[in-house]
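Enquirer: File coords-v5.cif below, mmCIF, C-alpha atoms:
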```
data_data
loop_
_atom_site.label_atom_id
_atom_site.label_comp_id
_atom_site.auth_asym_id
_atom_site.auth_seq_id
_atom_site.Cartn_x
_atom_site.Cartn_y
_atom_site.Cartn_z
CA MET A 40 152.95 154.48 210.62
CA PRO A 41 150.37 152.02 209.42
CA ILE A 42 152.09 148.76 208.48
CA VAL A 43 150.17 146.81 205.87
CA THR A 44 150.88 143.15 205.14
CA ILE A 45 149.34 141.59 202.05
CA LYS A 46 149.40 137.81 201.80
CA MET A 47 148.47 136.39 198.43
CA LEU A 48 149.23 133.49 196.14
CA GLU A 49 152.37 133.87 194.08
CA GLY A 50 152.04 134.57 190.38
CA ARG A 51 151.32 138.26 190.12
CA THR A 52 153.48 140.29 187.75
CA ASP A 53 155.89 142.95 188.87
CA GLU A 54 153.62 145.56 187.30
CA GLN A 55 150.67 144.32 189.36
CA LYS A 56 152.73 144.54 192.55
CA HIS A 57 153.86 148.04 191.59
CA GLN A 58 150.24 149.08 191.18
CA LEU A 59 149.19 147.24 194.33
CA VAL A 60 151.52 149.06 196.72
CA LYS A 61 150.81 152.38 195.06
CA SER A 62 147.03 152.17 195.23
CA VAL A 63 146.87 150.58 198.68
CA THR A 64 149.15 153.30 200.03
CA ASP A 65 146.83 155.93 198.55
CA ALA A 66 143.77 154.18 199.99
CA VAL A 67 145.22 153.98 203.50
CA SER A 68 146.56 157.52 203.39
CA GLU A 69 143.22 159.02 202.43
CA SER A 70 141.10 156.85 204.73
CA VAL A 71 142.95 157.44 207.96
CA ASN A 72 144.61 160.71 207.09
CA ALA A 73 148.19 159.44 207.34
CA PRO A 74 151.11 160.86 205.35
CA LYS A 75 152.14 158.42 202.61
CA GLU A 76 155.75 158.37 203.77
CA ASN A 77 154.59 156.86 207.06
CA ILE A 78 152.92 153.88 205.39
CA SER A 79 154.84 150.64 204.91
CA ILE A 80 153.62 147.74 202.81
CA ILE A 81 154.90 144.18 202.88
CA ILE A 82 153.88 141.65 200.25
CA GLU A 83 154.11 138.03 201.33
CA GLU A 84 153.57 135.47 198.60
CA MET A 85 152.29 132.00 199.33
CA LYS A 86 152.79 128.87 197.28
CA LYS A 87 149.68 126.95 196.30
CA GLU A 88 150.91 124.03 198.39
CA HIS A 89 150.89 126.26 201.45
CA TYR A 90 147.44 127.77 201.34
CA ALA A 91 144.23 125.89 202.04
CA VAL A 92 140.57 126.70 202.36
CA GLY A 93 138.17 124.12 203.74
CA GLY A 94 141.05 121.74 204.34
CA VAL A 95 142.07 121.56 200.68
CA ARG A 96 145.21 123.23 199.42
CA LYS A 97 145.10 125.31 196.26
CA SER A 98 147.64 122.91 194.73
CA GLU A 99 145.09 120.12 195.10
CA VAL A 100 142.08 121.85 193.62
CA MET B 286 158.09 132.40 225.94
CA PRO B 287 158.54 135.68 224.15
CA ILE B 288 158.37 135.03 220.40
CA VAL B 289 160.27 137.62 218.41
CA THR B 290 159.80 138.05 214.66
CA ILE B 291 162.27 140.21 212.77
CA LYS B 292 161.31 141.25 209.25
CA MET B 293 164.09 142.80 207.21
CA LEU B 294 165.33 143.09 203.66
CA GLU B 295 167.37 140.14 202.44
CA GLY B 296 171.09 140.55 202.03
CA ARG B 297 172.51 140.20 205.53
CA THR B 298 175.37 137.74 206.00
CA ASP B 299 175.08 134.59 208.04
CA GLU B 300 177.44 136.11 210.59
CA GLN B 301 175.14 139.13 210.97
CA LYS B 302 172.15 136.85 211.53
CA HIS B 303 174.14 134.85 214.07
CA GLN B 304 174.93 138.04 215.95
CA LEU B 305 171.37 139.32 215.57
CA VAL B 306 169.63 136.40 217.25
CA LYS B 307 172.27 136.26 219.97
CA SER B 308 172.11 139.92 220.94
CA VAL B 309 168.33 140.25 220.60
CA THR B 310 167.86 137.19 222.81
CA ASP B 311 170.14 138.77 225.41
CA ALA B 312 168.28 142.08 225.19
CA VAL B 313 164.87 140.48 225.63
CA SER B 314 166.05 138.19 228.42
CA GLU B 315 167.49 141.03 230.47
CA SER B 316 164.68 143.49 229.82
CA VAL B 317 161.75 141.32 230.81
CA ASN B 318 163.59 138.87 233.01
CA ALA B 319 162.87 135.80 230.88
CA PRO B 320 165.15 132.76 230.68
CA LYS B 321 166.97 132.67 227.34
CA GLU B 322 165.79 129.15 226.57
CA ASN B 323 162.21 130.44 226.57
CA ILE B 324 162.89 133.00 223.85
CA SER B 325 162.29 132.14 220.20
CA ILE B 326 163.39 134.31 217.31
CA ILE B 327 162.19 134.09 213.72
CA ILE B 328 163.92 136.00 210.92
CA GLU B 329 161.74 136.74 207.91
CA GLU B 330 163.54 138.18 204.92
CA MET B 331 161.79 140.35 202.38
CA LYS B 332 162.73 140.92 198.77
CA LYS B 333 163.12 144.53 197.68
CA GLU B 334 160.20 144.03 195.30
CA HIS B 335 157.99 143.16 198.25
CA TYR B 336 158.63 146.04 200.60
CA ALA B 337 157.44 149.59 200.07
CA VAL B 338 157.47 152.83 201.99
CA GLY B 339 155.39 155.76 200.78
CA GLY B 340 154.01 153.66 197.94
CA VAL B 341 157.42 153.01 196.38
CA ARG B 342 159.07 149.62 196.57
CA LYS B 343 162.74 149.37 197.52
CA SER B 344 163.38 147.76 194.13
CA GLU B 345 162.19 150.96 192.48
CA VAL B 346 164.21 153.46 194.47
CA MET C 4 163.60 149.21 208.18
CA PRO C 5 163.68 146.10 210.26
CA ILE C 6 160.26 145.58 211.81
CA VAL C 7 160.40 143.64 215.06
CA THR C 8 157.32 142.08 216.62
CA ILE C 9 157.56 140.79 220.18
CA LYS C 10 154.76 138.56 221.40
CA MET C 11 154.74 137.88 225.12
CA LEU C 12 152.37 137.22 227.98
CA GLU C 13 150.81 140.32 229.49
CA GLY C 14 151.98 141.49 232.87
CA ARG C 15 155.23 143.32 232.24
CA THR C 16 155.57 146.79 233.71
CA ASP C 17 155.81 149.94 231.65
CA GLU C 18 159.42 150.30 232.74
CA GLN C 19 160.22 146.81 231.44
CA LYS C 20 158.63 147.63 228.09
CA HIS C 21 160.58 150.89 227.96
CA GLN C 22 163.81 148.98 228.51
CA LEU C 23 162.75 146.23 226.10
CA VAL C 24 162.26 148.44 223.06
CA LYS C 25 165.39 150.42 223.86
CA SER C 26 167.72 147.46 224.20
CA VAL C 27 166.25 145.44 221.34
CA THR C 28 166.57 148.46 219.05
CA ASP C 29 170.23 148.76 220.05
CA ALA C 30 170.81 145.05 219.50
CA VAL C 31 169.26 145.08 216.04
CA SER C 32 171.01 148.30 215.04
CA GLU C 33 174.45 147.01 215.96
CA SER C 34 173.97 143.49 214.59
CA VAL C 35 172.81 144.36 211.11
CA ASN C 36 174.21 147.85 210.89
CA ALA C 37 170.88 149.64 210.55
CA PRO C 38 170.22 153.19 211.73
CA LYS C 39 168.08 153.17 214.86
CA GLU C 40 165.49 155.50 213.36
CA ASN C 41 164.76 152.82 210.74
CA ILE C 42 163.85 150.19 213.32
CA SER C 43 160.23 149.71 214.39
CA ILE C 44 159.17 147.56 217.31
CA ILE C 45 155.69 146.27 218.03
CA ILE C 46 154.80 144.65 221.35
CA GLU C 47 151.86 142.27 221.24
CA GLU C 48 150.65 141.01 224.58
CA MET C 49 148.85 137.72 224.97
CA LYS C 50 146.46 136.70 227.68
CA LYS C 51 147.23 133.46 229.50
CA GLU C 52 144.00 132.01 228.12
CA HIS C 53 145.28 132.59 224.61
CA TYR C 54 148.71 131.00 224.72
CA ALA C 55 149.36 127.28 224.93
CA VAL C 56 152.37 124.99 224.86
CA GLY C 57 151.88 121.27 224.51
CA GLY C 58 148.14 121.73 224.22
CA VAL C 59 147.79 123.35 227.64
CA ARG C 60 147.07 127.04 228.03
CA LYS C 61 149.07 129.08 230.53
CA SER C 62 145.80 129.85 232.30
CA GLU C 63 145.38 126.14 233.00
CA VAL C 64 148.84 125.38 234.33
CA MET D 158 136.53 132.69 209.15
CA PRO D 159 139.27 131.45 211.43
CA ILE D 160 142.63 132.06 209.76
CA VAL D 161 145.29 129.66 210.93
CA THR D 162 148.99 130.28 210.31
CA ILE D 163 151.43 127.44 210.95
CA LYS D 164 155.10 128.33 211.11
CA MET D 165 157.48 125.39 211.06
CA LEU D 166 160.92 124.40 209.86
CA GLU D 167 161.12 123.40 206.23
CA GLY D 168 161.56 119.74 205.37
CA ARG D 169 158.11 118.23 205.71
CA THR D 170 156.84 116.16 202.78
CA ASP D 171 153.92 117.17 200.62
CA GLU D 172 151.94 114.29 202.08
CA GLN D 173 152.56 115.59 205.60
CA LYS D 174 151.37 119.05 204.62
CA HIS D 175 148.29 117.54 202.98
CA GLN D 176 147.49 115.73 206.21
CA LEU D 177 148.32 118.79 208.31
CA VAL D 178 145.84 121.15 206.69
CA LYS D 179 143.17 118.48 206.62
CA SER D 180 143.39 117.51 210.26
CA VAL D 181 143.89 121.04 211.59
CA THR D 182 140.84 122.19 209.63
CA ASP D 183 138.82 119.38 211.18
CA ALA D 184 140.11 120.21 214.66
CA VAL D 185 139.25 123.89 214.35
CA SER D 186 135.87 123.21 212.79
CA GLU D 187 134.78 120.86 215.55
CA SER D 188 136.21 122.90 218.42
CA VAL D 189 134.65 126.24 217.62
CA ASN D 190 131.75 125.04 215.53
CA ALA D 191 132.83 126.75 212.31
CA PRO D 192 132.01 125.46 208.82
CA LYS D 193 135.12 124.01 207.18
CA GLU D 194 134.78 126.21 204.11
CA ASN D 195 135.26 129.25 206.34
CA ILE D 196 138.64 128.06 207.63
CA SER D 197 141.84 129.17 205.91
CA ILE D 198 145.26 127.71 206.67
CA ILE D 199 148.61 129.20 205.74
CA ILE D 200 151.83 127.21 206.09
CA GLU D 201 154.97 129.31 206.49
CA GLU D 202 158.21 127.41 206.36
CA MET D 203 161.35 128.65 208.06
CA LYS D 204 164.93 127.86 207.21
CA LYS D 205 167.11 126.55 210.01
CA GLU D 206 169.26 129.66 209.70
CA HIS D 207 166.21 131.78 210.46
CA TYR D 208 164.87 130.17 213.60
CA ALA D 209 166.52 130.34 217.00
CA VAL D 210 165.72 129.24 220.52
CA GLY D 211 167.82 130.48 223.42
CA GLY D 212 169.88 132.61 221.05
CA VAL D 213 171.09 129.67 218.98
CA ARG D 214 169.83 129.04 215.48
CA LYS D 215 168.78 125.53 214.45
CA SER D 216 171.48 125.64 211.77
CA GLU D 217 174.08 125.98 214.51
CA VAL D 218 172.94 123.20 216.79
CA MET E 246 158.61 123.93 217.29
CA PRO E 247 155.63 124.59 215.09
CA ILE E 248 154.07 127.90 216.12
CA VAL E 249 150.36 128.07 215.31
CA THR E 250 148.45 131.34 215.30
CA ILE E 251 144.66 131.20 215.14
CA LYS E 252 142.85 134.43 214.32
CA MET E 253 139.11 134.36 214.84
CA LEU E 254 136.24 136.59 215.84
CA GLU E 255 135.81 137.08 219.56
CA GLY E 256 132.93 135.37 221.29
CA ARG E 257 134.05 131.78 221.80
CA THR E 258 133.74 130.34 225.29
CA ASP E 259 136.68 129.38 227.44
CA GLU E 260 135.69 125.74 227.03
CA GLN E 261 135.81 126.08 223.24
CA LYS E 262 139.28 127.62 223.43
CA HIS E 263 140.40 124.84 225.76
CA GLN E 264 139.20 122.26 223.24
CA LEU E 265 140.65 124.23 220.33
CA VAL E 266 144.24 124.30 221.55
CA LYS E 267 144.06 120.70 222.64
CA SER E 268 142.74 119.29 219.39
CA VAL E 269 144.87 121.50 217.12
CA THR E 270 147.98 120.50 219.06
CA ASP E 271 147.05 116.84 218.56
CA ALA E 272 146.39 117.39 214.86
CA VAL E 273 149.73 119.13 214.28
CA SER E 274 151.64 116.62 216.37
CA GLU E 275 150.32 113.63 214.47
CA SER E 276 150.51 115.19 211.01
CA VAL E 277 154.11 116.34 211.08
CA ASN E 278 155.40 113.99 213.75
CA ALA E 279 156.33 116.71 216.25
CA PRO E 280 156.34 116.20 220.03
CA LYS E 281 153.40 118.03 221.60
CA GLU E 282 155.62 119.95 224.02
CA ASN E 283 157.28 121.61 221.01
CA ILE E 284 154.00 123.02 219.69
CA SER E 285 152.91 126.54 220.65
CA ILE E 286 149.49 127.95 219.92
CA ILE E 287 148.46 131.58 220.01
CA ILE E 288 144.81 132.64 219.80
CA GLU E 289 144.23 136.15 218.49
CA GLU E 290 140.68 137.40 218.73
CA MET E 291 139.32 140.03 216.39
CA LYS E 292 136.46 142.41 217.00
CA LYS E 293 133.71 142.47 214.41
CA GLU E 294 134.62 146.08 213.62
CA HIS E 295 138.11 144.95 212.70
CA TYR E 296 137.44 142.13 210.28
CA ALA E 297 136.06 142.54 206.79
CA VAL E 298 135.36 140.34 203.79
CA GLY E 299 134.53 141.90 200.45
CA GLY E 300 135.02 145.36 201.90
CA VAL E 301 132.29 144.97 204.51
CA ARG E 302 133.08 144.58 208.19
CA LYS E 303 131.33 141.90 210.21
CA SER E 304 129.94 144.66 212.42
CA GLU E 305 128.12 146.06 209.40
CA VAL E 306 126.54 142.88 208.11
CA MET F 78 142.06 135.27 198.68
CA PRO F 79 144.43 138.07 199.49
CA ILE F 80 144.53 138.55 203.26
CA VAL F 81 145.42 142.08 204.25
CA THR F 82 146.50 142.99 207.78
CA ILE F 83 146.68 146.65 208.73
CA LYS F 84 148.50 147.53 211.93
CA MET F 85 148.05 151.07 213.15
CA LEU F 86 147.86 153.10 216.32
CA GLU F 87 144.48 153.09 218.03
CA GLY F 88 142.36 156.19 217.86
CA ARG F 89 140.72 156.12 214.45
CA THR F 90 136.96 156.56 214.30
CA ASP F 91 134.57 153.87 213.21
CA GLU F 92 133.84 155.87 210.07
CA GLN F 93 137.54 155.95 209.20
CA LYS F 94 137.78 152.19 209.62
CA HIS F 95 134.68 151.74 207.49
CA GLN F 96 136.27 153.81 204.74
CA LEU F 97 139.64 152.09 205.20
CA VAL F 98 138.43 148.55 204.57
CA LYS F 99 136.25 149.68 201.69
CA SER F 100 138.94 151.57 199.81
CA VAL F 101 141.74 149.08 200.50
CA THR F 102 139.52 146.26 199.25
CA ASP F 103 138.87 148.24 196.07
CA ALA F 104 142.56 148.99 195.64
CA VAL F 105 143.59 145.36 196.03
CA SER F 106 140.79 144.08 193.83
CA GLU F 107 141.68 146.35 190.95
CA SER F 108 145.45 145.98 191.25
CA VAL F 109 145.68 142.21 191.23
CA ASN F 110 142.39 141.45 189.55
CA ALA F 111 140.85 139.59 192.48
CA PRO F 112 137.11 139.42 193.19
CA LYS F 113 136.24 141.58 196.19
CA GLU F 114 134.51 138.74 198.00
CA ASN F 115 137.85 136.91 198.11
CA ILE F 116 139.61 139.72 199.95
CA SER F 117 139.82 139.70 203.75
CA ILE F 118 141.03 142.62 205.82
CA ILE F 119 142.10 142.55 209.44
CA ILE F 120 142.69 145.74 211.41
CA GLU F 121 145.04 145.40 214.35
CA GLU F 122 145.28 148.41 216.63
CA MET F 123 148.35 149.13 218.69
CA LYS F 124 148.57 151.13 221.89
CA LYS F 125 151.11 153.95 221.95
CA GLU F 126 152.97 152.10 224.71
CA HIS F 127 153.42 149.16 222.37
CA TYR F 128 154.85 150.79 219.28
CA ALA F 129 158.33 152.27 219.01
CA VAL F 130 160.47 153.79 216.31
CA GLY F 131 164.15 154.39 216.94
CA GLY F 132 163.85 152.82 220.37
CA VAL F 133 161.31 155.33 221.63
CA ARG F 134 157.68 154.41 222.14
CA LYS F 135 154.95 156.71 220.86
CA SER F 136 153.75 157.07 224.45
CA GLU F 137 157.09 158.62 225.34
CA VAL F 138 157.36 161.14 222.53
#
```
Would you mind writing the file out in structure tokens?

Expert:
Amino acid sequence: MPIVTIKMLEGRTDEQKHQLVKSVTDAVSESVNAPKENISIIIEEMKKEHYAVGGVRKSEV
Amino acid sequence: MPIVTIKMLEGRTDEQKHQLVKSVTDAVSESVNAPKENISIIIEEMKKEHYAVGGVRKSEV
Amino acid sequence: MPIVTIKMLEGRTDEQKHQLVKSVTDAVSESVNAPKENISIIIEEMKKEHYAVGGVRKSEV
Amino acid sequence: MPIVTIKMLEGRTDEQKHQLVKSVTDAVSESVNAPKENISIIIEEMKKEHYAVGGVRKSEV
Amino acid sequence: MPIVTIKMLEGRTDEQKHQLVKSVTDAVSESVNAPKENISIIIEEMKKEHYAVGGVRKSEV
Amino acid sequence: MPIVTIKMLEGRTDEQKHQLVKSVTDAVSESVNAPKENISIIIEEMKKEHYAVGGVRKSEV
């Protein structure tokens, strides 16, 4: 039942996302002893114009 | 004031979304006795590549 | 697979929450033609000190 | 370390978003005494078809 | 209509939260030209055990 | 910069949470080639009364 949301900048390949959900599911399953089929993962990509640290967006760096 | 966020796979028709926000607003309003005008609903669509259950993305099923 | 998050001020009774998840699940299921067992609902309660409209928190109204 | 998420309807200019992250970062930094470099801001834009108040989407108003 | 969510570690005073919602509301209102009464702010506090950077929780630093 | 949010039912031990953030950070870092120090993880616990699948809350099962 854990629901995992991963926010990251866009630009990763489909293969990286494939690996990401696979390995994060394994990590959660083993850590909290949850069956894999109960674990959901949502990837939310952000544009560089929409993410800022210290008041400066990544599109402006 | 309830704020409802609905995450679902993309692909629903505009008519389905119309019905969705209407009926969910009614359901929330009646259940917790809140005026409809105080209820906000946000629909967030996910791509099949970005949603996984059991470590497998919907785009890979 | 729709995942519904409902943020609202704390203070509702357990019976209201029971009714809320039941009727919202029905509303989502019928609107977008999703099996009920695929619909998850998360209730997130907010304290009045932690919710503001127009710059004024509900605890200060 | 504060993580600020701003959900709003799409349509703002890049200049407005530039100003938004800058001034919100300043506001958070001063209010809770956090170094600016520790403050992250995420802008999430919504389509008018995906945001409703009172059961009516902004695309239907 | 902007909805702002601020996640931060618990421990701020009520006065700091008062100032936070006030100044962030002003910052958003001026930056994107939105009436203040349309701006909602949600504060979500995290425990140190529940927030990690670099794989280390703040409770373990 | 990936920000990972993990929602799960309350009840896990501190040791499980320690392991969870450690192994998820490793999994994300390796999958998308991000430095560990750029990865934030937020754990959000849910009460059984506040999480439902199929219209039935976990507190009612």

Enquirer: Residues of chain B within 10 Å of chain E, using only C-alpha atoms, as a list of chain:residue names?

Expert: B:Met286, B:Ile288, B:Ser325

Enquirer: Measuring atom to atom with all atoms listed in the file, identify which of D:Val189, D:Ile200, D:Val178, D:Val218 is nearest to Ile163 (chain D).

Expert: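 Distance minimum relative to Ile163 (chain D) lands on D:Ile200.
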
Enquirer: Using the chain letters and numbers from the file, give me the residues hit by the PyMOL selection byres ((chain E and resi 265) around 7), as a list of chain:residue names.

Expert: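 What the PyMOL selection byres ((chain E and resi 265) around 7) grabs from the file is D:Ala184, D:Val185, D:Ser188, D:Val189, E:Gln261, E:Lys262, E:His263, E:Gln264, E:Val266, E:Lys267, E:Ser268, E:Val269.
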
Enquirer: Selected by the PyMOL selection byres ((chain B and resi 340) around 7) in the shown coordinates: which residues, as a PDB file with C-alpha atoms, in the coordinates of the input?

Expert:
```pdb
ATOM      1  CA  VAL A  60     151.520 149.060 196.720  1.00  0.00           C
ATOM      2  CA  LYS A  61     150.810 152.380 195.060  1.00  0.00           C
ATOM      3  CA  THR A  64     149.150 153.300 200.030  1.00  0.00           C
ATOM      4  CA  LYS A  75     152.140 158.420 202.610  1.00  0.00           C
TER       5      LYS A  75
ATOM      6  CA  ALA B 337     157.440 149.590 200.070  1.00  0.00           C
ATOM      7  CA  VAL B 338     157.470 152.830 201.990  1.00  0.00           C
ATOM      8  CA  GLY B 339     155.390 155.760 200.780  1.00  0.00           C
ATOM      9  CA  VAL B 341     157.420 153.010 196.380  1.00  0.00           C
ATOM     10  CA  ARG B 342     159.070 149.620 196.570  1.00  0.00           C
TER      11      ARG B 342
END
```

Enquirer: Give me, please, the distance in Å between CA of Asn36 (chain C) and CA of Met165 (chain D), quoted to one decimal.

Expert: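 These two atoms are separated by 28.0 Å.
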
Enquirer: Separation of CA of Tyr336 (chain B) and CA of Glu126 (chain F), in Å?

Expert: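 CA of Tyr336 (chain B) sits 25.5 Å away from CA of Glu126 (chain F).
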
Enquirer: What is the CA of Thr52 (chain A) to CA of Leu294 (chain B) distance in Å?

Expert: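 We find that CA of Thr52 (chain A) and CA of Leu294 (chain B) lie 20.0 Å from each other.
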
Enquirer: Centre and edge lengths of an axis-aligned box around all listed atoms of region 124-136 of chain F, with 4 Å added on each side, are to be given in Å to one decimal, as lines of an AutoDock Vina configuration file.

Expert:
```
center_x = 156.4
center_y = 153.1
center_z = 220.5
size_x = 23.6
size_y = 15.9
size_z = 16.4
```

Enquirer: Taking all atoms listed in the file into account, name the residue in D:Ile198, D:Ser216, D:Ala191, D:His207 that is nearest to Thr290 (chain B).

Expert: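 Nearest candidate to Thr290 (chain B) out of D:Ile198, D:Ser216, D:Ala191, D:His207: D:His207.
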
Enquirer: Quick one: of A:Asp65, A:Glu99, A:Lys46, A:Asp53, who's nearest to Ile119 (chain F), counting all atoms listed in the file?

Expert: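 Using all atoms listed in the file, Ile119 (chain F) sits closest to A:Lys46.
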
Enquirer: Would you mind putting back N, CA and C atoms on region 263-289 of chain E, then writing it out as a PDB file, keeping the file's coordinate frame?

Expert:
```pdb
ATOM      1  N   HIS E 263     139.701 125.980 225.151  1.00  0.00           N
ATOM      2  CA  HIS E 263     140.400 124.840 225.760  1.00  0.00           C
ATOM      3  C   HIS E 263     140.444 123.679 224.761  1.00  0.00           C
ATOM      4  N   GLN E 264     139.291 123.373 224.185  1.00  0.00           N
ATOM      5  CA  GLN E 264     139.200 122.260 223.240  1.00  0.00           C
ATOM      6  C   GLN E 264     140.012 122.566 221.974  1.00  0.00           C
ATOM      7  N   LEU E 265     139.960 123.817 221.557  1.00  0.00           N
ATOM      8  CA  LEU E 265     140.650 124.230 220.330  1.00  0.00           C
ATOM      9  C   LEU E 265     142.158 123.982 220.417  1.00  0.00           C
ATOM     10  N   VAL E 266     142.782 124.462 221.472  1.00  0.00           N
ATOM     11  CA  VAL E 266     144.240 124.300 221.550  1.00  0.00           C
ATOM     12  C   VAL E 266     144.623 122.838 221.739  1.00  0.00           C
ATOM     13  N   LYS E 267     143.775 122.121 222.417  1.00  0.00           N
ATOM     14  CA  LYS E 267     144.060 120.700 222.640  1.00  0.00           C
ATOM     15  C   LYS E 267     143.992 119.911 221.332  1.00  0.00           C
ATOM     16  N   SER E 268     142.931 120.113 220.587  1.00  0.00           N
ATOM     17  CA  SER E 268     142.740 119.290 219.390  1.00  0.00           C
ATOM     18  C   SER E 268     143.653 119.745 218.243  1.00  0.00           C
ATOM     19  N   VAL E 269     143.944 121.045 218.165  1.00  0.00           N
ATOM     20  CA  VAL E 269     144.870 121.500 217.120  1.00  0.00           C
ATOM     21  C   VAL E 269     146.287 120.999 217.428  1.00  0.00           C
ATOM     22  N   THR E 270     146.660 121.028 218.698  1.00  0.00           N
ATOM     23  CA  THR E 270     147.980 120.500 219.060  1.00  0.00           C
ATOM     24  C   THR E 270     148.090 119.021 218.669  1.00  0.00           C
ATOM     25  N   ASP E 271     147.050 118.248 218.954  1.00  0.00           N
ATOM     26  CA  ASP E 271     147.050 116.840 218.560  1.00  0.00           C
ATOM     27  C   ASP E 271     147.166 116.691 217.044  1.00  0.00           C
ATOM     28  N   ALA E 272     146.401 117.492 216.324  1.00  0.00           N
ATOM     29  CA  ALA E 272     146.390 117.390 214.860  1.00  0.00           C
ATOM     30  C   ALA E 272     147.765 117.710 214.270  1.00  0.00           C
ATOM     31  N   VAL E 273     148.403 118.753 214.790  1.00  0.00           N
ATOM     32  CA  VAL E 273     149.730 119.130 214.280  1.00  0.00           C
ATOM     33  C   VAL E 273     150.743 118.044 214.651  1.00  0.00           C
ATOM     34  N   SER E 274     150.677 117.605 215.883  1.00  0.00           N
ATOM     35  CA  SER E 274     151.640 116.620 216.370  1.00  0.00           C
ATOM     36  C   SER E 274     151.631 115.350 215.524  1.00  0.00           C
ATOM     37  N   GLU E 275     150.430 114.877 215.242  1.00  0.00           N
ATOM     38  CA  GLU E 275     150.320 113.630 214.470  1.00  0.00           C
ATOM     39  C   GLU E 275     150.671 113.827 212.999  1.00  0.00           C
ATOM     40  N   SER E 276     150.313 114.984 212.451  1.00  0.00           N
ATOM     41  CA  SER E 276     150.510 115.190 211.010  1.00  0.00           C
ATOM     42  C   SER E 276     151.972 115.351 210.636  1.00  0.00           C
ATOM     43  N   VAL E 277     152.719 116.076 211.457  1.00  0.00           N
ATOM     44  CA  VAL E 277     154.110 116.340 211.080  1.00  0.00           C
ATOM     45  C   VAL E 277     155.088 115.659 212.033  1.00  0.00           C
ATOM     46  N   ASN E 278     154.544 114.809 212.891  1.00  0.00           N
ATOM     47  CA  ASN E 278     155.400 113.990 213.750  1.00  0.00           C
ATOM     48  C   ASN E 278     156.262 114.855 214.677  1.00  0.00           C
ATOM     49  N   ALA E 279     155.613 115.834 215.313  1.00  0.00           N
ATOM     50  CA  ALA E 279     156.330 116.710 216.250  1.00  0.00           C
ATOM     51  C   ALA E 279     155.848 116.412 217.666  1.00  0.00           C
ATOM     52  N   PRO E 280     156.762 116.393 218.639  1.00  0.00           N
ATOM     53  CA  PRO E 280     156.340 116.200 220.030  1.00  0.00           C
ATOM     54  C   PRO E 280     155.411 117.342 220.450  1.00  0.00           C
ATOM     55  N   LYS E 281     154.381 117.001 221.201  1.00  0.00           N
ATOM     56  CA  LYS E 281     153.400 118.030 221.600  1.00  0.00           C
ATOM     57  C   LYS E 281     154.048 119.177 222.358  1.00  0.00           C
ATOM     58  N   GLU E 282     155.027 118.883 223.183  1.00  0.00           N
ATOM     59  CA  GLU E 282     155.620 119.950 224.020  1.00  0.00           C
ATOM     60  C   GLU E 282     156.384 120.970 223.182  1.00  0.00           C
ATOM     61  N   ASN E 283     156.606 120.656 221.907  1.00  0.00           N
ATOM     62  CA  ASN E 283     157.280 121.610 221.010  1.00  0.00           C
ATOM     63  C   ASN E 283     156.304 122.507 220.256  1.00  0.00           C
ATOM     64  N   ILE E 284     155.025 122.295 220.463  1.00  0.00           N
ATOM     65  CA  ILE E 284     154.000 123.020 219.690  1.00  0.00           C
ATOM     66  C   ILE E 284     153.404 124.154 220.531  1.00  0.00           C
ATOM     67  N   SER E 285     153.503 125.371 219.999  1.00  0.00           N
ATOM     68  CA  SER E 285     152.910 126.540 220.650  1.00  0.00           C
ATOM     69  C   SER E 285     151.680 126.984 219.870  1.00  0.00           C
ATOM     70  N   ILE E 286     150.680 127.435 220.584  1.00  0.00           N
ATOM     71  CA  ILE E 286     149.490 127.950 219.920  1.00  0.00           C
ATOM     72  C   ILE E 286     149.110 129.306 220.505  1.00  0.00           C
ATOM     73  N   ILE E 287     148.866 130.240 219.617  1.00  0.00           N
ATOM     74  CA  ILE E 287     148.460 131.580 220.010  1.00  0.00           C
ATOM     75  C   ILE E 287     147.069 131.852 219.426  1.00  0.00           C
ATOM     76  N   ILE E 288     146.145 132.242 220.279  1.00  0.00           N
ATOM     77  CA  ILE E 288     144.810 132.640 219.800  1.00  0.00           C
ATOM     78  C   ILE E 288     144.762 134.162 219.749  1.00  0.00           C
ATOM     79  N   GLU E 289     144.380 134.693 218.612  1.00  0.00           N
ATOM     80  CA  GLU E 289     144.230 136.150 218.490  1.00  0.00           C
ATOM     81  C   GLU E 289     142.802 136.459 218.094  1.00  0.00           C
TER      82      GLU E 289
END
```
